[in-house]
Structure formats: structure tokens, C-alpha cells
file input_34.pdb (PDB, C-alpha atoms)
ATOM      1  CA  MET A   6       0.000   0.000   0.000
ATOM      2  CA  LEU A   7       1.215   3.497  -0.828
ATOM      3  CA  VAL A   8       1.173   6.832   0.993
ATOM      4  CA  ARG A   9      -1.393   8.162  -1.514
ATOM      5  CA  ASP A  10      -3.770   5.408  -0.344
ATOM      6  CA  ALA A  11      -3.479   6.335   3.341
ATOM      7  CA  MET A  12      -2.885  10.086   3.448
ATOM      8  CA  SER A  13      -5.432  12.669   4.391
ATOM      9  CA  THR A  14      -6.027  15.132   1.601
ATOM     10  CA  VAL A  15      -7.328  17.690   4.090
ATOM     11  CA  VAL A  16      -4.306  19.979   4.313
ATOM     12  CA  LEU A  17      -4.706  22.834   6.741
ATOM     13  CA  THR A  18      -2.326  25.626   5.780
ATOM     14  CA  ILE A  19      -1.695  28.520   8.142
ATOM     15  CA  GLY A  20       0.609  31.503   8.173
ATOM     16  CA  PRO A  21       3.576  32.019  10.472
ATOM     17  CA  THR A  22       1.831  34.757  12.457
ATOM     18  CA  HIS A  23      -1.194  32.696  13.443
ATOM     19  CA  THR A  24      -1.316  32.396  17.212
ATOM     20  CA  LEU A  25      -1.189  28.940  18.723
ATOM     21  CA  ARG A  26      -4.799  29.372  19.863
ATOM     22  CA  GLN A  27      -5.877  30.209  16.301
ATOM     23  CA  ALA A  28      -3.928  27.225  14.979
ATOM     24  CA  ALA A  29      -5.444  24.928  17.617
ATOM     25  CA  ALA A  30      -8.966  26.144  16.811
ATOM     26  CA  LEU A  31      -8.460  25.546  13.090
ATOM     27  CA  MET A  32      -6.894  22.127  13.689
ATOM     28  CA  SER A  33      -9.762  21.167  15.993
ATOM     29  CA  ALA A  34     -12.409  22.358  13.525
ATOM     30  CA  ARG A  35     -10.814  20.358  10.702
ATOM     31  CA  ARG A  36     -10.113  17.383  13.013
ATOM     32  CA  VAL A  37      -6.428  17.255  12.042
ATOM     33  CA  GLY A  38      -3.324  16.876  14.188
ATOM     34  CA  ALA A  39      -0.995  19.065  12.156
ATOM     35  CA  ALA A  40      -0.969  22.205  10.059
ATOM     36  CA  VAL A  41       1.331  23.132   7.222
ATOM     37  CA  VAL A  42       2.932  26.494   7.949
ATOM     38  CA  HIS A  43       3.651  28.434   4.792
ATOM     39  CA  ASP A  44       6.023  31.341   5.275
ATOM     40  CA  PRO A  45       6.515  33.200   1.981
ATOM     41  CA  ASP A  46       9.179  35.443   3.555
ATOM     42  CA  ALA A  47      11.261  32.497   4.759
ATOM     43  CA  GLY A  48      10.618  30.691   1.485
ATOM     44  CA  GLY A  49       9.643  27.366   2.902
ATOM     45  CA  ILE A  50       7.130  24.991   4.341
ATOM     46  CA  GLY A  51       7.063  23.871   7.950
ATOM     47  CA  ILE A  52       4.755  21.870  10.158
ATOM     48  CA  LEU A  53       3.029  22.703  13.427
ATOM     49  CA  THR A  54       1.631  19.739  15.307
ATOM     50  CA  GLU A  55      -0.671  19.259  18.248
ATOM     51  CA  ARG A  56       2.394  18.233  20.254
ATOM     52  CA  ASP A  57       4.095  21.572  19.478
ATOM     53  CA  ILE A  58       1.081  23.403  20.871
ATOM     54  CA  LEU A  59       0.907  21.104  23.903
ATOM     55  CA  ASN A  60       4.601  21.642  24.660
ATOM     56  CA  SER A  61       4.176  25.416  24.520
ATOM     57  CA  VAL A  62       1.165  25.400  26.844
ATOM     58  CA  GLY A  63       2.980  22.958  29.147
ATOM     59  CA  LEU A  64       5.821  25.464  29.437
ATOM     60  CA  GLY A  65       3.327  28.101  30.582
ATOM     61  CA  GLN A  66       3.455  30.089  27.342
ATOM     62  CA  ASN A  67       0.373  32.056  26.328
ATOM     63  CA  PRO A  68      -1.358  30.516  23.289
ATOM     64  CA  ASP A  69      -2.931  33.906  22.535
ATOM     65  CA  THR A  70       0.455  35.558  21.995
ATOM     66  CA  GLU A  71       2.746  32.714  20.897
ATOM     67  CA  GLN A  72       2.973  32.559  17.119
ATOM     68  CA  ALA A  73       3.203  29.520  14.884
ATOM     69  CA  HIS A  74       6.617  30.463  13.446
ATOM     70  CA  ASP A  75       8.227  30.144  16.879
ATOM     71  CA  HIS A  76       7.010  26.541  17.237
ATOM     72  CA  THR A  77       7.161  25.304  13.651
ATOM     73  CA  THR A  78       9.447  22.491  12.613
ATOM     74  CA  THR A  79      11.231  23.715   9.507
ATOM     75  CA  ASP A  80      13.614  20.807   8.882
ATOM     76  CA  VAL A  81      10.716  18.746   7.604
ATOM     77  CA  VAL A  82      10.986  15.287   6.082
ATOM     78  CA  PHE A  83       8.593  15.136   3.156
ATOM     79  CA  ALA A  84       6.973  12.030   1.702
ATOM     80  CA  ALA A  85       6.038  11.345  -1.889
ATOM     81  CA  PRO A  86       2.626   9.867  -2.734
ATOM     82  CA  SER A  87       4.448   6.923  -4.303
ATOM     83  CA  TRP A  88       6.279   5.951  -1.097
ATOM     84  CA  THR A  89       5.225   2.701   0.485
ATOM     85  CA  LEU A  90       3.705   2.861   3.938
ATOM     86  CA  GLU A  91       6.790   1.008   5.153
ATOM     87  CA  GLU A  92       9.004   3.837   3.868
ATOM     88  CA  ALA A  93       6.806   6.422   5.578
ATOM     89  CA  ALA A  94       6.761   4.480   8.856
ATOM     90  CA  ARG A  95      10.539   4.075   8.709
ATOM     91  CA  ALA A  96      11.025   7.826   8.174
ATOM     92  CA  MET A  97       8.707   8.593  11.110
ATOM     93  CA  ALA A  98      10.418   6.102  13.404
ATOM     94  CA  HIS A  99      13.873   7.346  12.407
ATOM     95  CA  GLY A 100      12.948  11.018  12.880
ATOM     96  CA  GLY A 101      10.784  10.572  15.981
ATOM     97  CA  PHE A 102       7.694  12.283  14.576
ATOM     98  CA  ARG A 103       4.118  11.295  13.767
ATOM     99  CA  HIS A 104       3.260  13.292  10.627
ATOM    100  CA  LEU A 105       4.737  13.626   7.146
ATOM    101  CA  ILE A 106       3.745  16.299   4.675
ATOM    102  CA  VAL A 107       3.159  14.695   1.290
ATOM    103  CA  LEU A 108       4.535  16.695  -1.637
ATOM    104  CA  ASP A 109       3.585  16.148  -5.236
ATOM    105  CA  GLY A 110       5.284  18.413  -7.737
ATOM    106  CA  GLY A 111       6.639  20.531  -4.883
ATOM    107  CA  GLU A 112       3.169  21.281  -3.515
ATOM    108  CA  PRO A 113       1.615  19.859  -0.320
ATOM    109  CA  THR A 114      -1.140  17.472  -1.386
ATOM    110  CA  GLY A 115      -1.691  15.609   1.851
ATOM    111  CA  ILE A 116      -0.471  14.601   5.268
ATOM    112  CA  VAL A 117       0.103  11.052   6.377
ATOM    113  CA  SER A 118       0.137  10.256  10.078
ATOM    114  CA  VAL A 119       0.974   7.246  12.173
ATOM    115  CA  ARG A 120      -2.771   6.862  12.726
ATOM    116  CA  ASP A 121      -3.369   6.735   8.953
ATOM    117  CA  ILE A 122      -0.788   3.976   8.589
ATOM    118  CA  ILE A 123      -2.206   1.977  11.487
ATOM    119  CA  ARG A 124      -5.689   2.200   9.979
ATOM    120  CA  CYS A 125      -4.344   0.649   6.789
ATOM    121  CA  TRP A 126      -2.362  -2.061   8.528
ATOM    122  CA  ALA A 127      -4.834  -3.045  11.273
ATOM    123  CA  PRO A 128      -7.771  -5.253  10.394
ATOM    124  CA  VAL A 129     -11.111  -3.498  10.321
ATOM    125  CA  ARG A 130     -13.029  -4.014  13.528
ATOM    126  CA  GLN A 131     -16.067  -6.232  13.013
ATOM    127  CA  GLN A 132     -19.403  -4.936  14.253
ATOM    128  CA  VAL A 133     -20.981  -7.371  16.679
ATOM    129  CA  PRO A 134     -24.727  -7.832  16.021
ATOM    130  CA  ALA A 135     -26.896  -6.620  18.890
TER
END
call {"tool": "encode", "arguments": {"input": "input_34.pdb", "output": "C-alpha cells"}}
result
Amino acid sequence: MLVRDAMSTVVLTIGPTHTLRQAAALMSARRVGAAVVHDPDAGGIGILTERDILNSVGLGQNPDTEQAHDHTTTDVVFAAPSWTLEEAARAMAHGGFRHLIVLDGGEPTGIVSVRDIIRCWAPVRQQVPA
């Protein structure tokens, strides 16, 4: 199975000056665990995850004033839609992260998470008749 078969095509893109509260609200509304941070001035793509927000709040930082760019991972490992799920899982395990931005032609087209991979690998739960 390939990344394109497992990835979410819901890609939430935010700017670097979004506050962490704004990012969290958007992530919650879209039911995603990560946002792509596009910073045209820095010329790159980063990722802000639910863990980044949690770490900031855990440190006592104010989510209404902390901005995404200060918590964004910019040394991102990108996946291709043609990667196998094994390749994606290996990259995640090696890097110690749970999300990969999927690029196709240099543009973000999806995000694949550990949860997406598990859903593909785990057998579907059978409904027990009532």
C-alpha cells in the first residue's frame, strides 16, 4: 500500500503569524493533528503539530500571543505519494515524529500520520450484532 492510499487530503495551511490558539482552533475544527505552515518570507514549508502546541502550553506560554513560526518544525521530512507505507513508517520512526507532509510536484497534497498507517495495517473491527 502506498502513501497516496493512506494520506489525508485535508491539508490545513496557516501563516507564520497565526497564534497557537488560532492554529489549535483551526486544527480542531478540521479534526487534524498538524498544520502546514507556509512562510513566503522564509521561502519554505514547515509543520506545526498538536504536540508543538501542547509543549508550549505545558511550558506556561500564552497561546494567545505565541505565534506559529516560533514553534514550527522547519527541517521537515517530506513524503512522496508513491512511497510505500513502510518507507513512511521508517522515516517517522527514524525522525521521531508522527506526521509527514506529502509533496507532489513541490506542492503539499496531503499529510500522512501514524494513525493513517495503522488504519491501513490493522484489520477493520467487526461490528458485533446486537
call {"tool": "resolve_selection", "arguments": {"input": "input_34.pdb", "expression": "the PyMOL selection byres ((chain A and resi 115) around 6)", "output": "compact mmCIF listing (two decimals) with C-alpha atoms, keeping the file's coordinate frame"}}
result
# COMPACT_ATOMS: atom_id res chain seq x y z
CA MET A 12 -2.88 10.09 3.45
CA SER A 13 -5.43 12.67 4.39
CA THR A 14 -6.03 15.13 1.60
CA VAL A 16 -4.31 19.98 4.31
CA VAL A 107 3.16 14.70 1.29
CA PRO A 113 1.62 19.86 -0.32
CA THR A 114 -1.14 17.47 -1.39
CA ILE A 116 -0.47 14.60 5.27
call {"tool": "closest_atom_pairs", "arguments": {"input": "input_34.pdb", "of": "segment 58-127 of chain A", "to": "segment 34-49 of chain A", "cutoff": "9 Å", "atoms": "all atoms listed in the file", "output": "tab-separated table"}}
result
residue	atom	partner	partner_atom	distance
A:Ala73	CA	A:Val42	CA	7.6
A:His74	CA	A:Val42	CA	7.7
A:Thr77	CA	A:Val42	CA	7.2
A:Thr78	CA	A:Val42	CA	9.0
A:Thr79	CA	A:Gly49	CA	7.7
A:His104	CA	A:Ala39	CA	7.3
A:Ile106	CA	A:Val41	CA	7.7
A:Pro113	CA	A:Val41	CA	8.2
A:Ile116	CA	A:Ala39	CA	8.2
A:Ser118	CA	A:Gly38	CA	8.5
call {"tool": "closest_residue", "arguments": {"input": "input_34.pdb", "among": "A:Arg9, A:Arg120, A:Arg103, A:Arg26", "to": "Ile58 of chain A", "atoms": "only C-alpha atoms"}}
result
A:Arg26
call {"tool": "residues_around", "arguments": {"input": "input_34.pdb", "residues": "Thr70 of chain A", "least_positions_apart": "5", "cutoff": "12 Å", "atoms": "all atoms listed in the file", "output": "ChimeraX atom specification"}}
result
/A:22-28,61-62,65,75
call {"tool": "write_last_selection", "arguments": {"input": "input_34.pdb", "atoms": "C-alpha atoms", "output": "PDB file, keeping the file's coordinate frame"}}
result
ATOM      1  CA  THR A  22       1.831  34.757  12.457  1.00  0.00           C
ATOM      2  CA  HIS A  23      -1.194  32.696  13.443  1.00  0.00           C
ATOM      3  CA  THR A  24      -1.316  32.396  17.212  1.00  0.00           C
ATOM      4  CA  LEU A  25      -1.189  28.940  18.723  1.00  0.00           C
ATOM      5  CA  ARG A  26      -4.799  29.372  19.863  1.00  0.00           C
ATOM      6  CA  GLN A  27      -5.877  30.209  16.301  1.00  0.00           C
ATOM      7  CA  ALA A  28      -3.928  27.225  14.979  1.00  0.00           C
ATOM      8  CA  SER A  61       4.176  25.416  24.520  1.00  0.00           C
ATOM      9  CA  VAL A  62       1.165  25.400  26.844  1.00  0.00           C
ATOM     10  CA  GLY A  65       3.327  28.101  30.582  1.00  0.00           C
ATOM     11  CA  ASP A  75       8.227  30.144  16.879  1.00  0.00           C
TER      12      ASP A  75
END
call {"tool": "closest_residue", "arguments": {"input": "input_34.pdb", "among": "A:Gln66, A:Thr89, A:Thr54, A:Asn60", "to": "Thr18 of chain A", "atoms": "all atoms listed in the file"}}
result
A:Thr54
call {"tool": "residues_around", "arguments": {"input": "input_34.pdb", "residues": "Ala94 of chain A", "least_positions_apart": "2", "cutoff": "10 Å", "atoms": "only C-alpha atoms", "output": "list of chain:residue names"}}
result
A:Val8, A:Thr89, A:Leu90, A:Glu91, A:Glu92, A:Ala96, A:Met97, A:Ala98, A:His99, A:Gly100, A:Phe102, A:Arg103, A:His104, A:Leu105, A:Val117, A:Ser118, A:Val119, A:Ile122, A:Ile123
call {"tool": "atom_distance", "arguments": {"input": "input_34.pdb", "atom1": "atom CA of Leu31 of chain A", "atom2": "atom CA of Leu17 of chain A"}}
result
7.9 Å
call {"tool": "closest_residue", "arguments": {"input": "input_34.pdb", "among": "A:His76, A:Gly101, A:Met32, A:Pro128", "to": "Asp57 of chain A", "atoms": "only C-alpha atoms"}}
result
A:His76
call {"tool": "atom_distance", "arguments": {"input": "input_34.pdb", "atom1": "atom CA of Gly110 of chain A", "atom2": "atom CA of Met6 of chain A"}}
result
20.7 Å
call {"tool": "atom_distance", "arguments": {"input": "input_34.pdb", "atom1": "atom CA of Leu53 of chain A", "atom2": "atom CA of Val15 of chain A"}}
result
14.8 Å
call {"tool": "closest_residue", "arguments": {"input": "input_34.pdb", "among": "A:Ala93, A:Ala85, A:Leu108, A:Ile19", "to": "Gln72 of chain A", "atoms": "all atoms listed in the file"}}
result
A:Ile19
call {"tool": "closest_residue", "arguments": {"input": "input_34.pdb", "among": "A:Gly63, A:Gly51, A:Pro68, A:Pro86", "to": "Leu7 of chain A", "atoms": "all atoms listed in the file"}}
result
A:Pro86
